[in-house]
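Here's run39.txt, which has compact mmCIF, C-alpha atoms:
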# COMPACT_ATOMS: atom_id res chain seq x y z
CA MET A 24 64.75 89.02 149.01
CA SER A 25 66.41 85.63 149.66
CA ASP A 26 68.62 83.85 147.09
CA ILE A 27 66.05 81.04 146.83
CA SER A 28 63.25 83.51 146.16
CA ASN A 29 65.35 85.30 143.54
CA TYR A 30 66.20 82.02 141.83
CA THR A 31 62.52 80.98 141.77
CA LYS A 32 61.56 84.31 140.25
CA ALA A 33 64.36 83.94 137.68
CA GLU A 34 63.06 80.47 136.74
CA ASP A 35 59.59 81.92 136.15
CA LEU A 36 61.10 84.56 133.86
CA VAL A 37 63.07 81.89 131.99
CA GLU A 38 59.88 79.91 131.40
CA ARG A 39 58.19 83.04 130.02
CA ILE A 40 61.12 83.73 127.72
CA VAL A 41 61.27 80.24 126.18
CA ASN A 42 57.49 80.17 125.62
CA LEU A 43 57.25 83.57 123.92
CA GLY A 44 58.15 82.50 120.39
CA SER A 45 59.61 85.95 119.75
CA SER A 46 63.31 86.64 120.24
CA LEU A 47 62.63 90.39 120.36
CA GLU A 48 60.13 90.05 123.21
CA ALA A 49 62.48 87.64 124.97
CA LEU A 50 65.28 90.19 124.67
CA ASN A 51 63.09 92.91 126.16
CA ILE A 52 62.22 90.71 129.16
CA PHE A 53 65.92 89.95 129.67
CA ARG A 54 66.84 93.65 129.50
CA SER A 55 64.12 94.53 132.01
CA ASN A 56 65.30 91.87 134.46
CA GLN A 57 69.07 91.85 134.04
CA LYS A 58 69.67 91.86 137.77
CA LEU A 59 67.79 88.58 138.21
CA LEU A 60 69.03 87.00 134.96
CA ARG A 61 72.62 88.28 134.97
CA ASP A 62 74.13 84.78 135.29
CA TRP A 63 71.82 83.06 132.77
CA LYS A 64 72.59 82.49 129.08
CA PHE A 65 69.95 82.02 126.38
CA ILE A 66 70.09 80.38 122.94
CA LEU A 67 66.79 80.87 121.10
CA PRO A 68 65.62 80.22 117.53
CA SER A 69 65.51 83.24 115.25
CA ASP A 70 65.36 83.64 111.46
CA LYS A 71 67.54 86.74 111.81
CA GLY A 72 70.02 85.20 114.23
CA ILE A 73 73.51 83.80 113.76
CA MET A 74 74.47 80.49 112.17
CA PRO A 75 76.17 78.52 114.96
CA GLY A 76 79.47 77.86 113.20
CA LEU A 77 79.32 75.04 110.68
CA CYS A 78 76.87 73.01 112.72
CA VAL A 79 73.89 73.75 110.50
CA ASN A 80 71.80 71.19 108.70
CA ARG A 81 74.15 70.54 105.80
CA SER A 82 73.68 67.75 103.23
CA PHE A 83 76.19 65.88 101.09
CA LYS A 84 76.05 63.31 98.36
CA ASN A 85 75.15 59.74 99.31
CA ASN A 86 72.77 60.92 102.09
CA ALA A 87 75.45 62.12 104.52
CA VAL A 88 74.37 65.06 106.66
CA VAL A 89 75.62 67.38 109.37
CA ARG A 90 72.88 67.66 111.96
CA SER A 91 72.87 70.29 114.65
CA LEU A 92 70.69 69.86 117.72
CA PHE A 93 68.51 72.87 116.95
CA SER A 94 65.34 72.75 114.89
CA SER A 95 66.21 76.12 113.29
CA GLU A 96 69.33 76.91 111.28
CA ARG A 97 69.82 80.26 112.99
CA VAL A 98 69.78 81.18 116.65
CA VAL A 99 70.03 84.31 118.73
CA VAL A 100 72.18 84.28 121.87
CA PHE A 101 72.10 86.70 124.74
CA ASP A 102 73.62 87.08 128.16
CA GLN A 103 74.59 90.01 130.35
CA LYS A 104 77.95 90.62 128.64
CA THR A 105 76.52 90.40 125.11
CA ILE A 106 73.59 92.72 125.92
CA SER A 107 75.90 95.25 127.57
CA GLU A 108 78.10 95.32 124.45
CA MET A 109 75.04 95.67 122.18
CA GLU A 110 73.80 98.65 124.17
CA LYS A 111 77.17 100.34 123.59
CA GLY A 112 77.00 99.75 119.85
CA LYS A 113 77.70 96.16 118.80
CA SER A 114 78.78 92.81 120.19
CA GLU A 115 81.40 90.69 118.46
CA PHE A 116 82.63 87.33 119.73
CA ALA A 117 83.83 83.98 118.43
CA ILE A 118 81.91 80.69 118.56
CA ASP A 119 83.70 77.41 119.26
CA PHE A 120 82.51 74.43 117.25
CA SER A 121 83.18 70.69 117.07
CA LEU A 122 81.91 67.87 114.89
CA SER A 123 81.47 64.23 115.92
CA LEU A 124 81.40 61.34 113.46
CA ASP A 125 79.12 58.40 114.12
CA THR A 126 80.59 54.89 113.81
CA MET A 127 79.33 54.33 110.26
CA MET A 128 80.70 57.62 108.94
CA PHE A 129 84.03 57.06 110.66
CA SER A 130 84.41 53.70 108.88
CA TYR A 131 83.83 55.40 105.51
CA VAL A 132 86.35 58.12 106.32
CA GLU A 133 88.89 55.55 107.44
CA ASN A 134 88.44 53.66 104.16
CA TYR A 135 89.06 56.92 102.28
CA ILE A 136 92.33 57.42 104.14
CA ARG A 137 93.48 53.93 103.07
CA ASP A 138 92.25 54.08 99.47
CA PRO A 139 90.53 57.18 98.00
CA SER A 140 89.89 55.30 94.74
CA ARG A 141 87.42 52.88 96.32
CA ALA A 142 83.81 53.25 95.19
CA ASP A 143 82.57 54.07 98.71
CA SER A 144 85.44 56.55 99.12
CA ILE A 145 84.57 58.41 95.94
CA ARG A 146 81.00 58.80 97.18
CA ILE A 147 82.16 60.81 100.22
CA SER A 148 84.70 63.03 98.46
CA ASP A 149 82.61 66.13 99.26
CA VAL A 150 82.49 65.07 102.92
CA MET A 151 86.29 64.85 103.01
CA GLN A 152 86.62 68.36 101.55
CA PHE A 153 84.31 69.61 104.29
CA ILE A 154 86.21 67.79 107.05
CA ALA A 155 89.49 69.19 105.76
CA SER A 156 88.29 72.79 106.20
CA PRO A 157 90.35 74.64 108.84
CA GLU A 158 87.11 75.81 110.46
CA VAL A 159 86.00 72.23 111.19
CA SER A 160 87.14 70.66 114.45
CA ILE A 161 86.66 66.88 114.61
CA ASP A 162 86.03 65.44 118.07
CA ALA A 163 87.44 61.94 118.69
CA ILE A 164 86.21 61.71 122.29
CA PRO A 165 82.81 60.07 121.53
CA TYR A 166 84.52 57.24 119.63
CA LEU A 167 87.09 56.77 122.38
CA GLN A 168 84.52 56.69 125.16
CA GLU A 169 82.29 54.25 123.29
CA ASN A 170 85.26 51.91 122.90
CA MET A 171 86.81 52.38 126.35
CA HIS A 172 85.67 48.92 127.46
CA ASN A 173 87.64 47.31 124.61
CA LEU A 174 90.64 49.44 125.49
CA LEU A 175 90.61 48.42 129.14
CA TYR A 176 89.36 44.84 129.04
CA GLY A 177 89.68 43.69 125.43
CA SER A 178 92.20 41.46 123.73
CA ARG A 179 95.50 42.82 122.45
CA PHE A 180 93.94 42.93 118.99
CA GLN A 181 90.99 44.99 120.24
CA LYS A 182 93.31 47.40 122.05
CA TYR A 183 95.45 47.79 118.95
CA LYS A 184 92.38 48.41 116.79
CA VAL A 185 91.28 51.26 119.08
CA TYR A 186 94.78 52.73 118.92
CA LYS A 187 94.85 52.54 115.11
CA ASN A 188 91.46 54.23 114.89
CA VAL A 189 92.58 57.04 117.19
CA LEU A 190 95.60 57.47 114.92
CA SER A 191 93.15 57.80 112.02
CA TYR A 192 91.35 60.51 113.97
CA GLU A 193 94.65 62.36 114.35
CA ILE A 194 95.00 62.30 110.56
CA ILE A 195 91.42 63.48 110.09
CA ARG A 196 92.02 66.36 112.51
CA SER A 197 95.09 67.55 110.59
CA ILE A 198 94.33 67.02 106.88
CA ASP A 199 96.43 68.89 104.32
CA LYS A 200 93.52 70.41 102.40
CA ARG A 201 95.58 71.72 99.50
CA HIS A 202 97.08 68.26 98.90
CA LEU A 203 93.61 66.70 99.16
CA THR A 204 92.18 69.14 96.58
CA LEU A 205 95.03 68.51 94.12
CA THR A 206 95.44 64.74 94.49
CA LYS A 207 92.26 63.45 96.24
CA GLU A 208 94.64 61.79 98.72
CA ILE A 209 94.75 62.27 102.49
CA ARG A 210 97.91 63.28 104.27
CA SER A 211 98.48 65.01 107.57
CA ILE A 212 100.22 68.32 108.13
CA ILE A 213 101.87 66.92 111.28
CA SER A 214 104.49 64.16 111.53
CA ARG A 215 103.73 60.51 112.20
CA LYS A 216 105.70 60.75 115.44
CA GLN A 217 103.55 63.66 116.64
CA ARG A 218 100.35 61.84 115.67
CA ARG A 219 101.41 58.82 117.71
CA ARG A 220 102.26 61.03 120.66
CA ASN A 221 98.87 62.78 120.40
CA ALA A 222 96.99 59.47 120.14
CA ILE A 223 98.69 57.95 123.18
CA GLU A 224 98.13 61.11 125.22
CA LEU A 225 94.45 61.26 124.26
CA ILE A 226 93.90 57.58 125.12
CA SER A 227 95.80 57.85 128.39
CA ASN A 228 93.90 60.95 129.53
CA ASN A 229 90.51 59.43 128.75
CA GLU A 230 91.44 56.15 130.42
CA LYS A 231 92.31 58.04 133.60
CA LEU A 232 89.07 60.02 133.39
CA TYR A 233 87.10 56.79 133.00
CA MET A 234 88.71 55.12 136.00
CA GLN A 235 88.81 58.12 138.33
CA SER A 236 85.51 59.85 137.60
CA ASN A 237 83.00 59.87 140.44
CA LYS A 238 80.56 62.36 138.95
CA GLU A 239 76.95 61.57 138.21
CA ASP A 240 77.21 62.64 134.57
CA ASP A 241 80.10 60.26 133.86
CA PHE A 242 79.53 58.44 130.57
CA ARG A 243 79.61 54.96 132.17
CA TYR A 244 76.63 56.02 134.22
CA SER A 245 74.61 57.77 131.55
CA GLN A 246 75.10 55.17 128.81
CA LYS A 247 74.15 52.31 131.12
CA MET A 248 71.13 54.28 132.28
CA MET A 249 70.02 54.89 128.70
CA TYR A 250 70.48 51.21 127.88
CA CYS A 251 68.13 50.27 130.73
CA ILE A 252 65.55 52.83 129.59
CA ILE A 253 65.58 51.66 125.97
CA ILE A 254 65.16 48.02 127.02
CA LYS A 255 62.23 49.04 129.21
CA ILE A 256 60.64 50.98 126.33
CA VAL A 257 60.83 47.84 124.16
CA ILE A 258 59.41 45.64 126.95
CA ILE A 259 56.47 48.00 127.44
CA HIS A 260 55.79 48.13 123.69
CA MET A 261 55.92 44.35 123.24
CA LYS A 262 54.13 43.42 126.45
CA TYR A 263 51.44 46.09 126.49
CA GLY A 264 50.89 46.71 122.79
CA HIS A 265 47.11 46.46 123.34
CA GLN A 266 47.13 49.56 125.56
CA THR A 267 46.93 53.16 124.36
CA VAL A 268 50.08 55.19 123.83
CA ALA A 269 49.17 57.33 126.85
CA GLU A 270 48.78 54.26 129.09
CA ARG A 271 52.14 52.88 127.95
CA MET A 272 53.74 56.28 128.55
CA LEU A 273 52.46 56.22 132.14
CA LYS A 274 54.16 52.85 132.64
CA LEU A 275 57.40 54.30 131.32
CA MET A 276 57.09 57.35 133.57
CA GLU A 277 56.53 55.11 136.61
CA PHE A 278 59.70 53.19 135.74
CA LEU A 279 61.72 56.39 135.24
CA ASP A 280 60.40 57.86 138.47
CA GLU A 281 60.83 54.83 140.73
CA GLU A 282 63.82 52.97 139.29
CA ILE A 283 65.89 55.42 137.26
CA GLY A 284 65.35 58.48 139.44
CA TYR A 285 65.03 60.84 136.47
CA ILE A 286 62.31 61.69 133.97
CA THR A 287 64.64 61.80 130.97
CA ALA A 288 63.54 64.23 128.26
CA ARG A 289 64.93 62.59 125.12
CA GLU A 290 63.56 59.14 125.90
CA MET A 291 60.19 60.72 126.73
CA LEU A 292 60.17 62.08 123.17
CA LEU A 293 61.40 58.87 121.56
CA ALA A 294 59.07 56.42 123.32
CA PRO A 295 55.69 57.69 122.02
CA GLU A 296 57.04 57.70 118.46
CA TYR A 297 57.93 54.01 118.88
CA PHE A 298 54.65 53.18 120.60
CA GLN A 299 52.74 54.77 117.71
CA ARG A 300 54.86 53.66 114.76
CA GLY A 301 56.47 50.42 115.90
CA HIS A 302 59.00 49.10 113.38
CA ASN A 303 58.11 51.95 111.02
CA LEU A 304 60.34 54.02 113.29
CA LYS A 305 63.61 52.94 111.66
CA PHE A 306 65.62 53.37 114.84
CA PHE A 307 63.80 50.34 116.30
CA GLY A 308 63.64 48.45 112.98
CA LYS A 309 66.02 45.69 114.08
CA ILE A 310 64.29 45.13 117.43
CA GLN A 311 62.12 42.13 116.66
CA LYS A 312 61.15 38.95 118.46
CA GLY A 313 63.39 36.00 117.71
CA ARG A 314 66.46 38.04 116.72
CA GLU A 315 69.55 36.89 118.60
CA ASP A 316 71.31 40.23 118.03
CA ILE A 317 68.64 42.24 119.81
CA PHE A 318 70.82 43.18 122.80
CA SER A 319 73.82 44.29 120.74
CA ASN A 320 71.44 46.45 118.68
CA LEU A 321 69.94 47.92 121.86
CA GLU A 322 73.44 48.62 123.17
CA ASN A 323 74.27 50.53 119.97
CA MET A 324 71.00 52.46 120.23
CA ALA A 325 71.88 53.47 123.77
CA TRP A 326 75.21 54.79 122.52
CA ASP A 327 73.38 56.79 119.84
CA MET A 328 71.22 58.40 122.53
CA TRP A 329 74.33 59.02 124.60
CA HIS A 330 75.96 60.85 121.66
CA ILE A 331 72.96 63.17 121.38
CA ARG A 332 73.09 63.80 125.13
CA GLN A 333 76.81 64.61 124.94
CA CYS A 334 76.22 67.11 122.14
CA GLU A 335 73.55 68.76 124.29
CA LYS A 336 75.88 68.89 127.28
CA GLY A 337 78.55 70.46 125.08
CA ILE A 338 76.41 73.59 124.72
CA SER A 339 77.09 74.39 128.38
CA LYS A 340 80.82 73.74 128.02
CA ARG A 341 82.93 76.46 129.59
CA VAL A 342 84.90 78.26 126.90
CA SER A 343 87.68 80.81 127.16
CA GLU A 344 88.21 84.02 125.22
CA PRO A 345 87.82 84.78 122.39
CA TYR A 346 85.01 82.18 122.43
CA ARG A 347 81.74 82.84 124.19
CA TYR A 348 79.53 79.92 123.11
CA PHE A 349 80.17 76.34 122.09
CA PHE A 350 78.11 74.34 119.57
CA SER A 351 78.53 70.77 118.41
CA ALA A 352 76.98 68.69 115.68
CA LEU A 353 76.94 65.14 114.31
CA LEU A 354 78.07 63.94 110.91
CA THR A 355 76.23 60.78 109.94
CA GLN A 356 74.92 58.76 107.03
CA ASP A 357 72.64 56.62 109.19
CA ASN A 358 69.01 57.43 108.37
CA ARG A 359 67.85 55.78 111.60
CA PHE A 360 70.11 58.03 113.66
CA ILE A 361 69.09 61.13 111.68
CA GLU A 362 65.44 60.32 112.45
CA VAL A 363 66.14 60.26 116.19
CA ILE A 364 68.20 63.46 116.12
CA ASP A 365 65.24 65.20 114.50
CA ILE A 366 62.79 63.78 117.05
CA CYS A 367 64.97 65.12 119.89
CA SER A 368 65.71 68.51 118.29
CA LEU A 369 65.93 71.63 120.44
CA ASP A 370 63.89 74.78 120.17
CA ALA A 371 66.08 76.54 122.71
CA ALA A 372 68.82 75.99 125.27
CA ILE A 373 69.30 77.76 128.59
CA ILE A 374 72.59 77.71 130.49
CA LYS A 375 71.88 78.06 134.20
CA PRO A 376 74.04 80.02 136.66
CA ASN A 377 75.64 76.77 137.89
CA GLY A 378 76.71 75.93 134.32
CA THR A 379 74.21 73.13 133.70
CA LEU A 380 72.04 73.01 130.61
CA GLN A 381 68.27 73.31 130.50
CA PRO A 382 67.28 71.97 127.06
CA VAL A 383 63.95 73.04 125.57
CA HIS A 384 62.87 70.42 123.04
CA SER A 385 60.69 71.07 120.01
CA LYS A 386 58.02 68.64 121.20
CA ASN A 387 56.20 68.20 124.50
CA VAL A 388 54.33 65.02 125.46
CA PHE A 389 51.56 67.10 127.05
CA ASP A 390 50.96 68.76 123.68
CA THR A 391 50.96 65.45 121.83
CA VAL A 392 50.40 62.22 123.78
CA PHE A 393 48.27 63.60 126.63
CA LYS A 394 46.51 66.39 124.75
CA ASP A 395 43.07 64.74 124.39
CA GLN A 396 43.30 62.24 127.24
CA PRO A 397 40.88 61.98 130.19
CA ALA A 398 41.62 64.35 133.07
CA TYR A 399 42.70 61.58 135.45
CA ILE A 400 45.38 60.35 133.00
CA VAL A 401 46.69 63.89 132.45
CA ALA A 402 46.74 64.43 136.23
CA ARG A 403 48.76 61.24 136.75
CA ALA A 404 51.25 62.30 134.09
CA ARG A 405 51.63 65.83 135.48
CA GLY A 406 52.08 64.37 138.95
CA PHE A 407 55.51 63.07 137.94
CA TYR A 408 56.65 66.67 137.40
CA SER A 409 55.35 68.02 140.72
CA ASN A 410 57.78 69.41 143.28
CA GLY A 411 56.96 66.51 145.60
CA SER A 412 57.83 63.92 142.95
CA ARG A 413 61.04 65.74 142.11
CA ARG A 414 62.08 65.72 145.78
CA LYS A 415 61.35 62.01 146.08
CA ARG A 416 63.51 61.29 143.03
CA GLU A 417 66.33 63.30 144.59
CA MET A 418 66.01 61.19 147.74
CA ARG A 419 66.25 58.00 145.66
CA ARG A 420 69.44 59.26 144.12
CA ASP A 421 71.58 59.02 147.24
CA GLY A 422 74.61 60.47 145.50
CA LYS A 423 76.80 57.38 145.86
CA LEU A 424 77.78 56.90 142.23
CA GLY A 425 79.35 53.48 142.71
CA LYS A 426 76.09 52.16 144.11
CA ILE A 427 74.05 53.74 141.33
CA ILE A 428 76.25 52.21 138.62
CA GLU A 429 75.96 48.81 140.28
CA ASN A 430 72.20 49.23 140.43
CA TYR A 431 72.07 49.97 136.73
CA ASN A 432 74.28 46.98 135.93
CA THR A 433 72.00 44.73 137.97
CA MET A 434 68.92 46.38 136.48
CA SER A 435 70.15 45.81 132.92
CA LEU A 436 70.60 42.09 133.59
CA ARG A 437 67.08 41.84 134.99
CA LEU A 438 65.60 43.75 132.07
CA GLU A 439 67.56 41.65 129.57
CA LYS A 440 66.12 38.53 131.18
CA ASP A 441 62.57 39.93 130.96
CA LEU A 442 63.01 40.86 127.30
CA SER A 443 64.64 37.53 126.38
CA ILE A 444 61.55 35.74 127.73
CA ILE A 445 59.22 37.99 125.72
CA CYS A 446 61.32 37.58 122.55
CA LYS A 447 61.90 33.85 123.15
CA ILE A 448 65.67 34.08 122.87
CA GLU A 449 68.55 33.19 125.16
CA GLN A 450 69.74 35.83 127.58
CA ARG A 451 73.16 37.01 126.50
CA GLN A 452 76.16 35.96 128.55
CA VAL A 453 78.00 38.67 130.44
CA ILE A 454 81.77 38.34 130.10
CA GLU A 455 83.47 39.77 133.14
CA PRO A 456 87.15 40.77 132.83
CA ASN A 457 89.25 38.15 134.60
CA HIS A 458 92.48 40.09 134.61
CA ALA A 459 93.81 43.33 135.99
CA ILE A 460 93.21 46.38 133.88
CA CYS A 461 95.86 46.46 131.18
CA ARG A 462 97.01 49.96 130.41
CA PHE A 463 97.22 50.90 126.77
CA LEU A 464 100.90 51.75 127.10
CA ASP A 465 101.61 48.09 127.94
CA LEU A 466 100.88 47.12 124.31
Whole structure, C-alpha cells version:
Amino acid sequence: MSDISNYTKAEDLVERIVNLGSSLEALNIFRSNQKLLRDWKFILPSDKGIMPGLCVNRSFKNNAVVRSLFSSERVVVFDQKTISEMEKGKSEFAIDFSLSLDTMMFSYVENYIRDPSRADSIRISDVMQFIASPEVSIDAIPYLQENMHNLLYGSRFQKYKVYKNVLSYEIIRSIDKRHLTLTKEIRSIISRKQRRRNAIELISNNEKLYMQSNKEDDFRYSQKMMYCIIIKIVIIHMKYGHQTVAERMLKLMEFLDEEIGYITAREMLLAPEYFQRGHNLKFFGKIQKGREDIFSNLENMAWDMWHIRQCEKGISKRVSEPYRYFFSALLTQDNRFIEVIDICSLDAAIIKPNGTLQPVHSKNVFDTVFKDQPAYIVARARGFYSNGSRRKREMRRDGKLGKIIENYNTMSLRLEKDLSIICKIEQRQVIEPNHAICRFLDL
C-alpha cells in the first residue's frame, strides 16, 4: 500500500478516535492500528486522565485565573512509546509546562515587584506565591514578540522600556520563594549581572529570529493575518447586521477562502458569537462606531488571538527527555480574554507525524450555526472544506512569505479604510520607520 494511501487511512482512523467520546475505545482503536498510527500522538479529554502540569483551570483572588486550552481539567495521552510501556506494566514520563502572562497581568506583577504594599499588589499576593513555585515556568517570549516593533523601530525610551520589562521577567522567572513567603517582597535568586546578561541574550535572539525568519508560521505573518480577519469580522457585522448569522458566516468564509487562503478555526468559532451577541460579547465591547481608538483595540484583540494560537502551537513543541509532552497556559485577569479562551477551548489535540498540530475544538459551526439552515446554505458552507477548495487555497498560497506579508499589510490598510468609512472616523496614519534598524545593544 502506498504512503499516501496509508496516510489517508490513518487520517480516517484519527477522525474516528476524536469523535468517539470514550478514551478507552480510542485506546483500543490505537492499539489495533499501531502500525498505521505509530507516528501520531493523541491528547484526549478523560475524567481519569492526568492533570497537564499546573495548566489547569485555577482561580485566584481578584478574578485572576490560569486557563489551559482544554475544556476538561484532565487528559489522557497516548502514542506508540507510551502504549508499549503500558503493555509492559506502566508508563512514567515528565510533562514540560510553561505559563504566559497577558499584558494586564504582567503590569500588576511588575507593580508588585516595585512595591508589594500597594493596594493592587496586595490583591495578587496569592498569584505571586503561585508564580514563585519552582514547578512554574514563566514564558517571556509572547511579551517580547508583541513588542518587537517597539524594540526595532521605536524611540530610545520605547526600547529601554522593553528592556526594563524583560529584566522584570528575569526576576519573575527566578523568585526567591522563601524570601517572598517571609517578607512578601520579591527578590531574585540570581545576580543582577546575570539577569542583565539573560535579558540581552533573550532580546538579541528574538530580534534575529524576527528579522531572519522566512517560515509561514512566523508571528509577523500570523498576527497580521489575524488582524485582517478581525477587522473583516467587524465590517461584516456592522455592514450586514440585517442578515442571518449563517449568511454573515458565509461572507466570512468567502473572505477567508479567497483572500486569506486559510479557513481559520479560532476565528470561525469567535465570529458567530459576535454576530449573535454583538457588544454583549465583551471581547468586542470597545468596538463601536465613532470611537477613535477602534484600530488600536482591534490590534490588541489580534494579539490576544495570536497568544491563544501560540499556546496551541506549543502543544506540538518538540521536547527532549525526560519530557514527552508540552502544555502551556495563560494567566490573566481580563474577563474579555477569558471569554475568548473559553470559546476557543479544545476537546482534543492531535500531533501529526510531521510535528504539526491538529486542534479539535469543543464547538463546530456545523453543529451550531448551520444546524437548522436550508440545504443550499449548508452545502455552500461545506464546499469550503472540500478537497477541491483546499487545493485552490494551497495554490493561492504561493509560498513566498515576503509577498504574503506584503499582501496582508496592504489588505489591512484597505480594510481599515473600509471600516473607518462605516464607523465615520479618520483612517489611522501608518508611521513607517525612517531609519535603519537600531539594534538593542546600541542603547
Practice item. Enumerate, as an NGL selection string, the protein, DNA and RNA residues whose atoms approach (93.1, 70.7, 108.5) to within 8 Å, taking into account all atoms listed in the file and the coordinate frame of the file. Key: :A and (154-157 or 159 or 195-200 or 211-212)
Keeping C-alpha atoms for every residue in the selection just given, could you write it to a file as a compact mmCIF listing (two decimals), in the frame of the given file?
# COMPACT_ATOMS: atom_id res chain seq x y z
CA ILE A 154 86.21 67.79 107.05
CA ALA A 155 89.49 69.19 105.76
CA SER A 156 88.29 72.79 106.20
CA PRO A 157 90.35 74.64 108.84
CA VAL A 159 86.00 72.23 111.19
CA ILE A 195 91.42 63.48 110.09
CA ARG A 196 92.02 66.36 112.51
CA SER A 197 95.09 67.55 110.59
CA ILE A 198 94.33 67.02 106.88
CA ASP A 199 96.43 68.89 104.32
CA LYS A 200 93.52 70.41 102.40
CA SER A 211 98.48 65.01 107.57
CA ILE A 212 100.22 68.32 108.13
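One finds atom CA of Lys32 of chain A at 20.8 Å from atom CA of Leu47 of chain A.
The coordinates place atom CA of Tyr192 of chain A at 23.0 Å from atom CA of Leu92 of chain A.
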Practice item. Name all residues at most 12 Å from segment 169-171 of chain A (count all atoms listed in the file; drop same-chain ones fewer than 6 positions away) and give them as a ChimeraX atom specification. Key: /A:125-126,163,177,181-186,188-189,225-234,242-243,245-247,322-330,333,460-463
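Nearest to Ser114 of chain A of all the residues A:Phe65, A:Arg347, A:Gln57, A:Phe306 is A:Arg347, counting all atoms listed in the file.
The two atoms in question, atom CA of Val88 of chain A and atom CA of Leu190 of chain A, are spaced 24.0 Å apart.
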Give me the residues near Met128 of chain A as an mmCIF file with C-alpha atoms, in the frame of the given file, where near means some atom within 10 Å (using all atoms listed in the file) and where sequence neighbours in that chain fewer than 3 positions away do not count.
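Saved as result_24.cif:
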data_model
loop_
_atom_site.group_PDB
_atom_site.id
_atom_site.type_symbol
_atom_site.label_atom_id
_atom_site.label_comp_id
_atom_site.auth_asym_id
_atom_site.auth_seq_id
_atom_site.Cartn_x
_atom_site.Cartn_y
_atom_site.Cartn_z
ATOM 1 C CA ALA A 87 75.450 62.120 104.520
ATOM 2 C CA SER A 123 81.470 64.230 115.920
ATOM 3 C CA LEU A 124 81.400 61.340 113.460
ATOM 4 C CA ASP A 125 79.120 58.400 114.120
ATOM 5 C CA TYR A 131 83.830 55.400 105.510
ATOM 6 C CA VAL A 132 86.350 58.120 106.320
ATOM 7 C CA GLU A 133 88.890 55.550 107.440
ATOM 8 C CA ASN A 134 88.440 53.660 104.160
ATOM 9 C CA ILE A 147 82.160 60.810 100.220
ATOM 10 C CA VAL A 150 82.490 65.070 102.920
ATOM 11 C CA LEU A 353 76.940 65.140 114.310
ATOM 12 C CA LEU A 354 78.070 63.940 110.910
ATOM 13 C CA THR A 355 76.230 60.780 109.940
ATOM 14 C CA GLN A 356 74.920 58.760 107.030
ATOM 15 C CA ASP A 357 72.640 56.620 109.190
#
For segment 405-420 of chain A, list every protein, DNA or RNA residue within 10 Å, evaluated using all atoms listed in the file, and leave out those in the same chain fewer than 5 positions away; present the list as a PDB file with C-alpha atoms, in the coordinates of the input.
ATOM      1  CA  GLU A 239      76.950  61.570 138.210  1.00  0.00           C
ATOM      2  CA  LEU A 273      52.460  56.220 132.140  1.00  0.00           C
ATOM      3  CA  MET A 276      57.090  57.350 133.570  1.00  0.00           C
ATOM      4  CA  GLU A 277      56.530  55.110 136.610  1.00  0.00           C
ATOM      5  CA  LEU A 279      61.720  56.390 135.240  1.00  0.00           C
ATOM      6  CA  ASP A 280      60.400  57.860 138.470  1.00  0.00           C
ATOM      7  CA  GLU A 281      60.830  54.830 140.730  1.00  0.00           C
ATOM      8  CA  GLU A 282      63.820  52.970 139.290  1.00  0.00           C
ATOM      9  CA  ILE A 283      65.890  55.420 137.260  1.00  0.00           C
ATOM     10  CA  GLY A 284      65.350  58.480 139.440  1.00  0.00           C
ATOM     11  CA  TYR A 285      65.030  60.840 136.470  1.00  0.00           C
ATOM     12  CA  ILE A 286      62.310  61.690 133.970  1.00  0.00           C
ATOM     13  CA  PHE A 389      51.560  67.100 127.050  1.00  0.00           C
ATOM     14  CA  PHE A 393      48.270  63.600 126.630  1.00  0.00           C
ATOM     15  CA  TYR A 399      42.700  61.580 135.450  1.00  0.00           C
ATOM     16  CA  ILE A 400      45.380  60.350 133.000  1.00  0.00           C
ATOM     17  CA  LYS A 426      76.090  52.160 144.110  1.00  0.00           C
ATOM     18  CA  ILE A 427      74.050  53.740 141.330  1.00  0.00           C
TER      19      ILE A 427
END
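If you measure from each of A:Lys375, A:Lys104, A:His265, A:Lys386 to Glu290 of chain A using all atoms listed in the file, the closest one turns out to be A:Lys386.
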Exercise for review: Counting only C-alpha atoms, note down every residue that has an atom within 12 Å of the point (62.8, 50.5, 126.2) (file coordinates), as a ChimeraX atom specification.
Suggested key: /A:248-262,271-272,274-276,278-279,290-291,293-295,297-298,307,310,317-318,321-322,324-325,435,438-439,441-442
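By all atoms listed in the file, and with residues fewer than 2 positions from Glu38 of chain A along its chain excluded, the set lying at most 12 Å from it is Thr31, Lys32, Ala33, Glu34, Asp35, Leu36, Ile40, Val41, Asn42, Leu43, Gly44, Ala49, Ile52, Phe53, Phe65, Ala371, Ala372, Ile373, Gln381, Pro382 and Val383 of chain A.
Closest approach to Val363 of chain A among A:Glu296, A:Val401, A:Thr391, A:Arg220 is made by A:Glu296 (distances from only C-alpha atoms).
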Point to revise | Shell of 9 Å around Arg289 of chain A, all atoms listed in the file, local chain residues under 6 positions omitted, as a PyMOL selection string | key: chain A and resi 328+331-332+366-367+384
How would segment 278-284 of chain A read, as a PDB file, keeping the file's coordinate frame, once N, CA and C atoms are built in?
ATOM      1  N   PHE A 278      58.386  53.824 135.706  1.00  0.00           N
ATOM      2  CA  PHE A 278      59.700  53.190 135.740  1.00  0.00           C
ATOM      3  C   PHE A 278      60.797  54.243 135.912  1.00  0.00           C
ATOM      4  N   LEU A 279      60.715  55.322 135.143  1.00  0.00           N
ATOM      5  CA  LEU A 279      61.720  56.390 135.240  1.00  0.00           C
ATOM      6  C   LEU A 279      61.713  57.015 136.632  1.00  0.00           C
ATOM      7  N   ASP A 280      60.545  57.214 137.166  1.00  0.00           N
ATOM      8  CA  ASP A 280      60.400  57.860 138.470  1.00  0.00           C
ATOM      9  C   ASP A 280      60.934  56.973 139.590  1.00  0.00           C
ATOM     10  N   GLU A 281      60.535  55.704 139.599  1.00  0.00           N
ATOM     11  CA  GLU A 281      60.830  54.830 140.730  1.00  0.00           C
ATOM     12  C   GLU A 281      62.175  54.118 140.631  1.00  0.00           C
ATOM     13  N   GLU A 282      62.614  53.785 139.418  1.00  0.00           N
ATOM     14  CA  GLU A 282      63.820  52.970 139.290  1.00  0.00           C
ATOM     15  C   GLU A 282      65.019  53.729 138.728  1.00  0.00           C
ATOM     16  N   ILE A 283      64.783  54.655 137.836  1.00  0.00           N
ATOM     17  CA  ILE A 283      65.890  55.420 137.260  1.00  0.00           C
ATOM     18  C   ILE A 283      66.189  56.654 138.108  1.00  0.00           C
ATOM     19  N   GLY A 284      65.147  57.290 138.622  1.00  0.00           N
ATOM     20  CA  GLY A 284      65.350  58.480 139.440  1.00  0.00           C
ATOM     21  C   GLY A 284      65.384  59.764 138.626  1.00  0.00           C
TER      22      GLY A 284
END
